[in-house]
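Just entry31.txt here, compact mmCIF, C-alpha atoms:
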```
# COMPACT_ATOMS: atom_id res chain seq x y z
CA MET A 1 -23.99 49.09 63.39
CA SER A 2 -27.26 48.51 65.19
CA ARG A 3 -27.69 48.58 68.98
CA HIS A 4 -30.26 46.49 70.81
CA LYS A 5 -31.89 46.55 74.23
CA ILE A 6 -31.90 43.06 75.67
CA SER A 7 -33.37 41.53 78.78
CA PHE A 8 -32.17 38.14 79.95
CA SER A 9 -31.16 36.29 83.07
CA VAL A 10 -27.85 34.79 84.08
CA ASN A 11 -27.87 32.22 86.87
CA GLY A 12 -31.30 33.45 87.93
CA GLU A 13 -30.36 37.13 88.03
CA ARG A 14 -32.15 39.46 85.63
CA HIS A 15 -30.16 41.88 83.46
CA GLU A 16 -31.27 44.61 81.11
CA LEU A 17 -28.74 46.35 78.96
CA GLU A 18 -27.96 47.65 75.51
CA VAL A 19 -25.56 45.78 73.26
CA GLU A 20 -24.01 46.33 69.86
CA ALA A 21 -25.00 43.84 67.16
CA ASN A 22 -21.54 42.25 66.90
CA ARG A 23 -21.16 41.54 70.61
CA THR A 24 -21.05 37.81 71.41
CA LEU A 25 -22.61 36.11 74.42
CA LEU A 26 -19.05 35.29 75.51
CA GLN A 27 -18.08 38.98 75.53
CA LEU A 28 -21.32 39.87 77.26
CA LEU A 29 -20.54 37.46 80.09
CA ARG A 30 -16.82 38.11 80.49
CA GLU A 31 -16.55 41.80 79.69
CA ASP A 32 -19.91 43.40 80.43
CA LEU A 33 -20.95 41.25 83.40
CA GLU A 34 -17.34 40.49 84.51
CA MET A 35 -18.11 36.80 84.92
CA THR A 36 -14.81 35.27 83.85
CA GLY A 37 -15.55 31.66 84.77
CA THR A 38 -16.52 31.07 81.15
CA LYS A 39 -13.28 30.89 79.19
CA ARG A 40 -12.31 32.44 75.88
CA ALA A 41 -9.97 30.44 73.66
CA CYS A 42 -10.43 29.56 69.97
CA GLU A 43 -13.48 31.79 69.30
CA ARG A 44 -14.52 29.60 66.39
CA GLY A 45 -16.51 26.82 67.97
CA ASP A 46 -13.73 24.23 67.94
CA CYS A 47 -12.52 24.03 71.55
CA GLY A 48 -15.80 24.33 73.44
CA LEU A 49 -14.20 26.14 76.41
CA CYS A 50 -16.82 28.90 76.27
CA THR A 51 -19.70 26.43 76.73
CA VAL A 52 -22.64 27.77 78.76
CA LEU A 53 -26.27 26.73 78.98
CA MET A 54 -28.95 28.64 77.14
CA ASP A 55 -32.39 27.63 78.40
CA GLY A 56 -30.70 24.52 79.81
CA GLU A 57 -28.97 23.43 76.58
CA PRO A 58 -25.21 23.70 76.05
CA VAL A 59 -24.06 26.23 73.44
CA LYS A 60 -20.67 27.63 72.50
CA SER A 61 -21.01 31.24 73.62
CA CYS A 62 -18.41 32.53 71.13
CA LEU A 63 -20.88 31.62 68.35
CA VAL A 64 -23.97 33.20 69.90
CA LEU A 65 -24.71 36.92 69.59
CA ALA A 66 -25.53 38.81 72.76
CA VAL A 67 -28.68 40.11 71.07
CA GLU A 68 -29.82 36.51 70.59
CA VAL A 69 -30.11 35.91 74.34
CA ASP A 70 -32.90 38.46 74.68
CA GLY A 71 -35.63 36.76 76.71
CA ARG A 72 -33.47 33.71 77.44
CA GLU A 73 -32.01 32.12 80.55
CA VAL A 74 -28.23 31.60 80.69
CA THR A 75 -26.41 29.36 83.16
CA THR A 76 -22.65 29.60 83.69
CA ILE A 77 -20.17 27.85 85.98
CA GLU A 78 -20.72 30.65 88.53
CA GLY A 79 -24.35 29.63 88.90
CA LEU A 80 -23.89 26.00 89.93
CA ALA A 81 -22.65 26.01 93.55
CA LYS A 82 -25.01 27.28 96.22
CA GLY A 83 -22.71 29.49 98.26
CA GLU A 84 -19.99 27.18 99.60
CA LYS A 85 -21.94 24.07 98.68
CA LEU A 86 -20.63 22.49 95.51
CA THR A 87 -22.73 20.32 93.24
CA ARG A 88 -22.19 16.58 93.25
CA LEU A 89 -20.42 16.86 89.90
CA GLN A 90 -18.09 19.60 91.14
CA ARG A 91 -17.16 17.42 94.13
CA ALA A 92 -16.58 14.47 91.81
CA PHE A 93 -14.16 16.56 89.73
CA ILE A 94 -12.14 17.31 92.88
CA GLU A 95 -12.20 13.69 94.08
CA HIS A 96 -11.05 12.36 90.73
CA GLY A 97 -8.40 15.03 90.18
CA ALA A 98 -10.25 15.82 86.96
CA VAL A 99 -8.52 19.21 86.91
CA GLN A 100 -4.99 19.88 85.77
CA CYS A 101 -4.50 23.42 84.51
CA GLY A 102 -8.21 24.01 85.05
CA PHE A 103 -8.89 26.08 81.95
CA CYS A 104 -11.36 23.61 80.44
CA THR A 105 -12.99 22.70 83.76
CA PRO A 106 -15.90 25.18 83.68
CA ALA A 107 -16.94 23.97 80.22
CA PHE A 108 -16.77 20.28 81.14
CA ILE A 109 -18.73 20.84 84.34
CA VAL A 110 -21.40 22.95 82.68
CA ALA A 111 -21.81 20.41 79.85
CA GLY A 112 -21.71 17.54 82.36
CA GLU A 113 -24.48 19.10 84.46
CA ALA A 114 -26.64 19.50 81.35
CA LEU A 115 -26.04 15.85 80.43
CA LEU A 116 -26.91 14.55 83.92
CA LYS A 117 -30.08 16.60 83.98
CA ARG A 118 -31.21 15.19 80.63
CA ASN A 119 -29.87 11.68 81.20
CA PRO A 120 -29.24 10.93 84.90
CA HIS A 121 -27.56 7.56 84.21
CA PRO A 122 -25.45 7.95 81.07
CA SER A 123 -23.21 5.20 79.72
CA GLU A 124 -19.52 5.93 79.23
CA ASP A 125 -20.13 6.35 75.49
CA GLU A 126 -22.91 8.82 76.16
CA VAL A 127 -20.60 10.84 78.42
CA LYS A 128 -17.89 10.88 75.76
CA GLU A 129 -20.40 11.96 73.14
CA ALA A 130 -21.87 14.72 75.31
CA VAL A 131 -18.50 16.34 76.07
CA GLY A 132 -17.02 15.52 72.65
CA GLY A 133 -17.05 19.17 71.65
CA ILE A 134 -14.79 20.27 74.50
CA LEU A 135 -11.01 19.97 74.37
CA CYS A 136 -8.66 19.46 77.31
CA ARG A 137 -5.07 20.24 76.32
CA CYS A 138 -3.69 18.57 79.45
CA THR A 139 -5.53 15.49 78.09
CA GLY A 140 -6.98 14.44 81.41
CA TYR A 141 -10.04 13.00 79.72
CA ARG A 142 -10.07 9.74 81.72
CA GLN A 143 -10.51 11.53 85.04
CA ILE A 144 -13.12 13.88 83.57
CA ILE A 145 -15.20 11.00 82.21
CA ASP A 146 -14.86 9.08 85.49
CA ALA A 147 -15.95 12.14 87.47
CA ILE A 148 -19.11 12.54 85.40
CA LEU A 149 -19.90 8.80 85.61
CA ASP A 150 -19.35 8.84 89.36
CA ALA A 151 -21.55 11.89 89.88
CA ALA A 152 -24.25 9.99 87.98
CA LYS A 153 -23.92 7.03 90.33
CA GLY A 154 -24.41 9.41 93.22
CA ARG A 155 -21.18 8.46 94.97
CA GLU A 156 -20.02 11.06 97.41
CA MET B 1 -10.72 39.19 67.65
CA PRO B 2 -14.18 40.80 67.71
CA LEU B 3 -16.68 40.18 64.96
CA PRO B 4 -16.73 42.89 62.29
CA GLU B 5 -19.49 45.48 62.57
CA PHE B 6 -22.93 44.83 61.13
CA SER B 7 -26.58 45.60 61.74
CA TYR B 8 -28.81 42.85 63.10
CA PHE B 9 -32.36 42.18 61.97
CA ARG B 10 -34.85 39.62 63.23
CA PRO B 11 -37.91 39.52 60.95
CA LYS B 12 -41.00 37.70 62.18
CA THR B 13 -42.40 36.76 58.79
CA ILE B 14 -41.24 35.34 55.44
CA GLU B 15 -42.43 38.58 53.79
CA GLY B 16 -40.26 40.58 56.16
CA LEU B 17 -37.27 38.41 55.29
CA VAL B 18 -37.89 38.73 51.54
CA SER B 19 -38.04 42.50 51.71
CA LEU B 20 -34.92 42.75 53.89
CA LEU B 21 -33.04 40.57 51.39
CA ALA B 22 -34.36 42.63 48.48
CA GLY B 23 -33.27 45.85 50.21
CA HIS B 24 -29.78 44.76 51.26
CA GLY B 25 -28.84 42.39 48.43
CA ALA B 26 -25.22 41.31 48.49
CA ASP B 27 -24.63 43.08 51.83
CA ALA B 28 -26.90 40.67 53.69
CA LYS B 29 -26.19 37.28 55.25
CA ILE B 30 -28.71 34.95 56.81
CA LEU B 31 -28.13 33.78 60.38
CA ALA B 32 -29.58 30.48 61.55
CA GLY B 33 -27.21 28.61 63.87
CA GLY B 34 -24.23 30.88 63.18
CA THR B 35 -21.76 28.00 63.55
CA ASP B 36 -20.35 28.59 60.07
CA LEU B 37 -21.27 32.26 59.54
CA PHE B 38 -19.51 33.67 62.62
CA VAL B 39 -16.34 31.70 61.87
CA LEU B 40 -16.27 33.10 58.32
CA MET B 41 -16.94 36.61 59.65
CA ARG B 42 -14.19 36.36 62.26
CA ASP B 43 -11.78 35.33 59.51
CA ARG B 44 -13.05 38.30 57.44
CA LEU B 45 -13.95 35.87 54.64
CA VAL B 46 -17.44 37.35 54.57
CA ARG B 47 -18.28 40.89 55.73
CA PRO B 48 -22.03 41.40 55.65
CA LYS B 49 -23.32 44.88 56.56
CA CYS B 50 -26.53 43.24 57.59
CA VAL B 51 -27.15 39.95 59.40
CA ILE B 52 -30.70 38.63 59.24
CA ASP B 53 -31.64 36.18 61.99
CA ILE B 54 -34.38 33.82 60.76
CA LYS B 55 -35.06 32.16 64.11
CA GLY B 56 -37.94 34.52 64.82
CA ILE B 57 -39.94 33.21 61.84
CA GLU B 58 -42.25 30.51 63.20
CA GLU B 59 -42.87 28.93 59.77
CA LEU B 60 -39.19 28.10 59.38
CA ARG B 61 -39.24 25.98 62.54
CA GLU B 62 -41.40 23.39 60.79
CA LEU B 63 -40.30 19.78 61.10
CA SER B 64 -43.11 17.61 59.84
CA TRP B 65 -43.83 14.36 58.07
CA ASP B 66 -46.73 13.32 55.92
CA LYS B 67 -47.49 9.96 54.27
CA GLY B 68 -47.91 11.60 50.91
CA ARG B 69 -45.53 14.54 50.90
CA GLY B 70 -42.70 13.12 52.96
CA LEU B 71 -40.46 15.04 55.32
CA MET B 72 -40.22 18.84 55.57
CA ILE B 73 -37.30 20.39 57.44
CA GLY B 74 -37.52 24.15 57.90
CA ALA B 75 -34.47 26.39 57.71
CA ALA B 76 -34.46 27.10 61.45
CA VAL B 77 -34.65 23.45 62.55
CA THR B 78 -31.48 22.49 64.42
CA LEU B 79 -29.64 19.24 63.87
CA ASN B 80 -30.44 18.10 67.41
CA GLU B 81 -34.15 18.69 66.72
CA LEU B 82 -33.78 16.58 63.59
CA ILE B 83 -31.99 13.77 65.46
CA GLY B 84 -34.75 13.83 68.07
CA SER B 85 -37.37 12.90 65.47
CA GLU B 86 -38.34 9.20 65.47
CA ILE B 87 -39.66 9.44 61.93
CA VAL B 88 -36.29 10.69 60.72
CA GLU B 89 -34.50 7.90 62.58
CA GLN B 90 -36.82 5.19 61.24
CA ARG B 91 -37.40 6.27 57.66
CA PHE B 92 -34.52 8.56 56.72
CA GLY B 93 -31.62 6.64 58.27
CA ALA B 94 -28.82 8.24 56.24
CA LEU B 95 -29.96 11.73 57.21
CA TRP B 96 -30.37 10.81 60.86
CA LYS B 97 -26.89 9.29 60.93
CA ALA B 98 -25.29 12.20 59.07
CA ALA B 99 -26.84 14.72 61.46
CA SER B 100 -25.72 12.61 64.42
CA VAL B 101 -22.05 12.62 63.42
CA LEU B 102 -21.84 16.24 62.30
CA ALA B 103 -19.47 18.30 64.50
CA ASP B 104 -20.42 17.72 68.16
CA PRO B 105 -23.63 17.80 70.22
CA THR B 106 -23.07 21.36 71.47
CA ILE B 107 -22.68 22.68 67.92
CA ARG B 108 -25.75 20.66 66.90
CA ASN B 109 -27.87 22.58 69.41
CA ARG B 110 -27.45 25.58 67.11
CA ALA B 111 -26.39 24.31 63.68
CA THR B 112 -29.11 23.63 61.11
CA LEU B 113 -29.48 21.24 58.18
CA VAL B 114 -30.22 24.10 55.80
CA GLY B 115 -27.16 26.01 57.06
CA ASN B 116 -25.03 22.94 56.43
CA ILE B 117 -26.05 22.76 52.76
CA CYS B 118 -26.06 26.53 52.16
CA ASN B 119 -22.49 26.73 53.45
CA ALA B 120 -21.79 24.23 50.64
CA SER B 121 -18.60 22.78 52.04
CA PRO B 122 -17.34 19.77 50.06
CA ALA B 123 -17.31 18.05 53.48
CA ALA B 124 -20.94 18.81 54.38
CA ASP B 125 -22.05 15.64 56.17
CA THR B 126 -25.75 16.00 55.47
CA ALA B 127 -25.30 16.55 51.71
CA PRO B 128 -24.61 12.92 50.65
CA ALA B 129 -27.59 11.82 52.75
CA LEU B 130 -29.85 14.34 51.01
CA LEU B 131 -28.45 13.25 47.64
CA VAL B 132 -29.34 9.57 48.13
CA LEU B 133 -32.72 10.55 49.61
CA ASP B 134 -33.37 12.84 46.62
CA GLY B 135 -34.20 15.96 48.64
CA GLY B 136 -35.58 19.15 47.14
CA VAL B 137 -34.38 22.56 48.29
CA GLU B 138 -37.34 24.93 48.61
CA VAL B 139 -36.27 28.43 47.71
CA VAL B 140 -38.07 31.75 48.10
CA GLY B 141 -37.10 34.97 46.36
CA ALA B 142 -38.62 38.32 45.44
CA ARG B 143 -39.90 36.76 42.20
CA GLY B 144 -41.56 33.78 43.85
CA GLU B 145 -40.75 30.24 44.85
CA ARG B 146 -38.93 27.36 43.22
CA THR B 147 -37.59 23.95 44.18
CA ILE B 148 -33.99 23.05 43.33
CA PRO B 149 -33.29 19.30 43.31
CA ILE B 150 -30.41 18.76 45.74
CA ARG B 151 -28.36 17.18 42.94
CA ASP B 152 -28.42 20.56 41.13
CA PHE B 153 -27.81 22.65 44.25
CA PHE B 154 -24.01 22.45 44.66
CA VAL B 155 -21.84 23.95 41.91
CA GLY B 156 -18.42 24.39 43.52
CA VAL B 157 -16.54 24.79 46.77
CA LYS B 158 -18.85 26.94 48.91
CA ARG B 159 -20.99 27.74 45.84
CA THR B 160 -24.64 26.91 45.22
CA THR B 161 -27.21 27.73 42.55
CA LEU B 162 -29.02 30.10 44.94
CA GLU B 163 -29.42 33.51 43.36
CA ARG B 164 -29.02 36.89 45.01
CA GLY B 165 -32.05 37.77 47.10
CA GLU B 166 -33.12 34.14 47.39
CA PHE B 167 -33.16 32.13 50.58
CA VAL B 168 -33.86 28.50 51.43
CA ARG B 169 -37.12 28.02 53.26
CA GLY B 170 -36.49 24.35 53.91
CA VAL B 171 -35.69 20.96 52.48
CA ARG B 172 -38.37 18.50 51.46
CA ILE B 173 -37.55 14.81 51.20
CA PRO B 174 -39.93 12.38 49.52
CA ASN B 175 -40.68 9.12 51.31
CA PRO B 176 -38.12 6.53 50.24
CA PRO B 177 -39.46 3.43 48.45
CA GLU B 178 -41.15 0.89 50.70
CA GLY B 179 -38.61 -1.18 52.62
CA ALA B 180 -35.72 1.13 51.72
CA LYS B 181 -32.79 1.40 54.09
CA SER B 182 -30.14 4.10 54.08
CA ASP B 183 -27.03 4.93 56.03
CA TYR B 184 -24.06 7.32 56.13
CA LEU B 185 -20.55 6.27 57.06
CA LYS B 186 -18.20 9.06 58.12
CA TRP B 187 -14.50 8.32 58.16
CA GLY B 188 -12.60 10.83 60.28
CA ARG B 189 -9.38 11.26 62.22
CA THR B 190 -11.31 11.38 65.48
CA ARG B 191 -14.78 10.19 66.37
CA GLY B 192 -16.20 13.59 67.20
CA GLU B 193 -16.02 17.16 65.98
CA ASP B 194 -13.67 16.86 62.97
CA LEU B 195 -14.67 17.09 59.31
CA ALA B 196 -14.91 13.87 57.33
CA VAL B 197 -11.85 12.46 55.57
CA VAL B 198 -14.41 10.67 53.41
CA GLY B 199 -18.16 10.33 53.90
CA VAL B 200 -20.36 7.83 52.04
CA ALA B 201 -24.15 7.71 52.07
CA ALA B 202 -26.13 4.94 50.44
CA LEU B 203 -29.75 3.96 49.99
CA ALA B 204 -30.94 0.49 49.03
CA ALA B 205 -34.42 -0.73 48.24
CA ASP B 206 -35.64 -3.94 46.70
CA SER B 207 -39.10 -4.30 45.23
CA GLY B 208 -38.34 -7.09 42.77
CA LYS B 209 -35.52 -4.98 41.30
CA LYS B 210 -32.62 -3.60 43.27
CA PHE B 211 -32.59 0.17 43.64
CA VAL B 212 -29.36 1.62 44.99
CA ARG B 213 -27.92 5.12 45.28
CA VAL B 214 -24.50 6.22 46.55
CA ALA B 215 -23.22 9.73 47.28
CA LEU B 216 -20.03 11.02 48.90
CA SER B 217 -18.57 14.01 50.72
CA SER B 218 -14.98 15.27 51.06
CA VAL B 219 -13.84 13.69 47.79
CA ALA B 220 -14.57 16.41 45.18
CA PRO B 221 -15.26 20.17 44.96
CA THR B 222 -18.90 19.40 45.78
CA PRO B 223 -20.76 16.57 47.49
CA LEU B 224 -21.28 14.02 44.73
CA LEU B 225 -24.06 11.62 43.70
CA ILE B 226 -22.58 8.73 41.69
CA SER B 227 -25.43 8.18 39.24
CA GLU B 228 -23.78 5.17 37.53
CA VAL B 229 -24.33 3.13 40.69
CA GLU B 230 -28.07 3.05 40.00
CA ASP B 231 -27.47 1.52 36.57
CA ILE B 232 -25.05 -1.05 37.97
CA PHE B 233 -27.69 -2.35 40.35
CA ARG B 234 -30.39 -2.36 37.67
CA GLY B 235 -28.07 -4.53 35.58
CA GLU B 236 -26.91 -8.11 35.71
CA GLY B 237 -24.48 -9.90 37.98
CA SER B 238 -24.33 -11.26 41.50
CA ILE B 239 -24.71 -8.82 44.40
CA GLU B 240 -21.01 -9.27 45.21
CA GLU B 241 -20.02 -8.39 41.64
CA ARG B 242 -22.26 -5.36 41.56
CA ILE B 243 -20.91 -4.06 44.87
CA GLU B 244 -17.36 -4.40 43.50
CA LYS B 245 -18.36 -2.62 40.30
CA ALA B 246 -20.01 0.20 42.26
CA ALA B 247 -16.92 0.67 44.43
CA SER B 248 -14.65 0.87 41.39
CA VAL B 249 -16.94 3.39 39.64
CA VAL B 250 -16.96 5.53 42.81
CA VAL B 251 -13.15 5.57 42.89
CA GLN B 252 -13.01 6.55 39.18
CA ARG B 253 -15.57 9.34 39.50
CA ILE B 254 -14.18 11.19 42.53
CA SER B 255 -11.33 13.72 42.52
CA PRO B 256 -10.14 14.12 46.10
CA ILE B 257 -7.34 16.46 47.18
CA SER B 258 -4.56 16.00 49.71
CA ASP B 259 -4.95 18.27 52.72
CA VAL B 260 -4.26 18.42 56.43
CA ARG B 261 -6.66 15.52 57.08
CA ALA B 262 -5.54 12.95 54.51
CA SER B 263 -3.75 12.40 51.22
CA ARG B 264 -5.56 12.04 47.90
CA GLU B 265 -4.44 8.38 47.69
CA TYR B 266 -5.83 7.57 51.14
CA ARG B 267 -9.15 9.19 50.28
CA LEU B 268 -9.39 7.25 47.01
CA HIS B 269 -8.72 4.03 48.89
CA MET B 270 -11.14 4.73 51.73
CA ALA B 271 -13.93 5.81 49.35
CA GLY B 272 -13.81 2.30 47.87
CA VAL B 273 -13.63 0.62 51.26
CA LEU B 274 -16.53 2.61 52.68
CA THR B 275 -18.68 2.16 49.58
CA ARG B 276 -18.26 -1.62 49.84
CA ARG B 277 -18.89 -1.51 53.58
CA VAL B 278 -22.10 0.51 53.46
CA LEU B 279 -23.51 -1.45 50.50
CA ARG B 280 -22.75 -4.83 52.09
CA GLN B 281 -24.44 -3.72 55.25
CA LEU B 282 -27.56 -2.34 53.50
CA LEU B 283 -27.85 -5.28 51.10
CA GLY B 284 -27.33 -7.85 53.84
CA VAL B 285 -24.10 -9.30 52.44
CA SER B 286 -21.85 -10.57 55.23
```

Structure rendered as structure tokens:
Amino acid sequence: MSRHKISFSVNGERHELEVEANRTLLQLLREDLEMTGTKRACERGDCGLCTVLMDGEPVKSCLVLAVEVDGREVTTIEGLAKGEKLTRLQRAFIEHGAVQCGFCTPAFIVAGEALLKRNPHPSEDEVKEAVGGILCRCTGYRQIIDAILDAAKGRE
Amino acid sequence: MPLPEFSYFRPKTIEGLVSLLAGHGADAKILAGGTDLFVLMRDRLVRPKCVIDIKGIEELRELSWDKGRGLMIGAAVTLNELIGSEIVEQRFGALWKAASVLADPTIRNRATLVGNICNASPAADTAPALLVLDGGVEVVGARGERTIPIRDFFVGVKRTTLERGEFVRGVRIPNPPEGAKSDYLKWGRTRGEDLAVVGVAALAADSGKKFVRVALSSVAPTPLLISEVEDIFRGEGSIEERIEKAASVVVQRISPISDVRASREYRLHMAGVLTRRVLRQLLGVS
């Protein structure tokens, strides 16, 4: 198996390390960098819980090789709040009770932030479409959609 | 479970890719979006010793349109890049729609059109669209280049006419006839993410004579072009009668299975319903 030197940044912090070819971005984040905010579940691209941003676009990190992030910029749930200051979307999740067990929350927030950046005033259908690849087994979708719509309106 | 072990290569040129494929033969797999490949590898259904990432080859990122030559979609073009193209949306409606309803938007940031057809699932959403749009699969191998008409590309479940050492450089789609409209209707259990229970693509043009094509996914071992439909619309009869005839030919020609998503009977029924629906819409029958 081949090994590769990669250089990339996560939440603005630069990393250089060597990875084996079969390492995924998800393993790189959770195991090598010990950033466990990104969740591991189905590992086949179905549940979307491992969603992170690669150069600003959401990807399912279980289906991306670590070696593929060489030269790229990764954003995870850990990179959103500035110290104690949560983003508007994170606050909206709390206000709407858009969290039950919490396991899917990082993925929904990361995907929601990417949507709001690309489309600051999405319709409800556009919100549903954007997070359509992420599953919540507590089925609290209503609150999640409302939280994203509210964050778009700029309500505190 | 971790992915099985392999060596990773990222050639920068087509020549580099050809020689890697020639050197590794059956042990090599091509990586574009990885949304099918890594699932198959995790399930140990494929175990390549060598994974060749084609995203470093600039030529394969080509997405271009030309009045004469039509649309060219390189092997590294993602589905979201395809959906973002106004030309695709305006002139190649069935393809735009099929790409828009494939999996979910996060998957589409990585998944490619060429990956979708090379995986050769009977449920490949983009395949019926390419069949009605008469796409050509541009293939490169150690012995040179050839174009495989999309209707000759699929030969069985997950099997294509690609030969060992060959890879798909891209798909070329000729400009549809003037005034042609096309669409793809995907019938699924949920609106997002799931595979189609039945998918129907159709193209309709009218320059004095009606020209209509229909193709389906998830109803046979391969995506299927129903060639008889063209003859039906060249023939006699009211539009209503010809739509009915087309729907009944579709139902006779397909051979769906029962699986976790739907029964054979339900698929047969919905193939007829969707064929009527898409044809009525394209032909302006209320």

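The shortest atom-to-atom distance to chain A, with all atoms listed in the file taken into account, belongs to B:Ile107 out of B:Val101, B:Ile107, B:Leu63, B:Ile87.
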
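Counting all atoms listed in the file, B:Arg267 has the following residues at most 10 Å away, ignoring those fewer than 6 positions along the same chain: Trp187, Val197, Val198, Gly199, Ser218, Val219, Val251, Ile254, Ser255, Pro256, Ile257, Ser258, Arg261 and Val273 of chain B.
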
Write out the residues from the selection above, keeping C-alpha atoms, as a compact mmCIF listing (two decimals), in the coordinates of the input.
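What ended up in selection.txt:
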```
# COMPACT_ATOMS: atom_id res chain seq x y z
CA TRP B 187 -14.50 8.32 58.16
CA VAL B 197 -11.85 12.46 55.57
CA VAL B 198 -14.41 10.67 53.41
CA GLY B 199 -18.16 10.33 53.90
CA SER B 218 -14.98 15.27 51.06
CA VAL B 219 -13.84 13.69 47.79
CA VAL B 251 -13.15 5.57 42.89
CA ILE B 254 -14.18 11.19 42.53
CA SER B 255 -11.33 13.72 42.52
CA PRO B 256 -10.14 14.12 46.10
CA ILE B 257 -7.34 16.46 47.18
CA SER B 258 -4.56 16.00 49.71
CA ARG B 261 -6.66 15.52 57.08
CA VAL B 273 -13.63 0.62 51.26
```

Determine the nearest neighbour of chain B from the options A:Asp46, A:Glu16, A:Glu34, A:Glu113, counting all atoms listed in the file.
-> A:Asp46

For the contact check between chain A and chain B, emit one row per residue of chain A within 8 Å, containing the shortest atom pair and the distance in Å rounded to one decimal, counting all atoms listed in the file, chain then rising number order, as a Markdown table.
```
| residue | atom | partner | partner_atom | distance |
| --- | --- | --- | --- | --- |
| A:Met1 | CA | B:Ser7 | CA | 4.6 |
| A:Ser2 | CA | B:Ser7 | CA | 4.6 |
| A:Arg3 | CA | B:Ser7 | CA | 7.9 |
| A:Ala21 | CA | B:Tyr8 | CA | 5.7 |
| A:Asn22 | CA | B:Leu3 | CA | 5.6 |
| A:Arg23 | CA | B:Leu3 | CA | 7.3 |
| A:Glu43 | CA | B:Val39 | CA | 8.0 |
| A:Arg44 | CA | B:Val39 | CA | 5.3 |
| A:Gly45 | CA | B:Thr35 | CA | 7.0 |
| A:Asp46 | CA | B:Glu193 | CA | 7.7 |
| A:Glu57 | CA | B:Asn109 | CA | 7.3 |
| A:Pro58 | CA | B:Thr106 | CA | 5.6 |
| A:Val59 | CA | B:Thr106 | CA | 5.3 |
| A:Lys60 | CA | B:Thr106 | CA | 6.8 |
| A:Leu63 | CA | B:Thr35 | CA | 6.1 |
| A:Val64 | CA | B:Gly34 | CA | 7.1 |
| A:Glu129 | CA | B:Pro105 | CA | 7.3 |
| A:Ala130 | CA | B:Pro105 | CA | 6.2 |
| A:Val131 | CA | B:Pro105 | CA | 7.9 |
| A:Gly132 | CA | B:Gly192 | CA | 5.8 |
| A:Gly133 | CA | B:Asp104 | CA | 5.1 |
```

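The shortest atom-to-atom distance to B:Leu268, with all atoms listed in the file taken into account, belongs to B:Ser248 out of B:Leu203, B:Ser248, B:Glu81, B:Ser286.
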
Could you work out how far atom CA of B:Val214 lies from atom CA of B:Leu279, giving the answer in Å with one decimal?
->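 Atom-to-atom, atom CA of B:Leu279 to atom CA of B:Val214, that is 8.7 Å.
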
Please, what distance in Å, to one decimal, runs between atom CA of B:Ala124 and atom CA of B:Leu185?
->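 Going from atom CA of B:Ala124 over to atom CA of B:Leu185, I get 12.8 Å.
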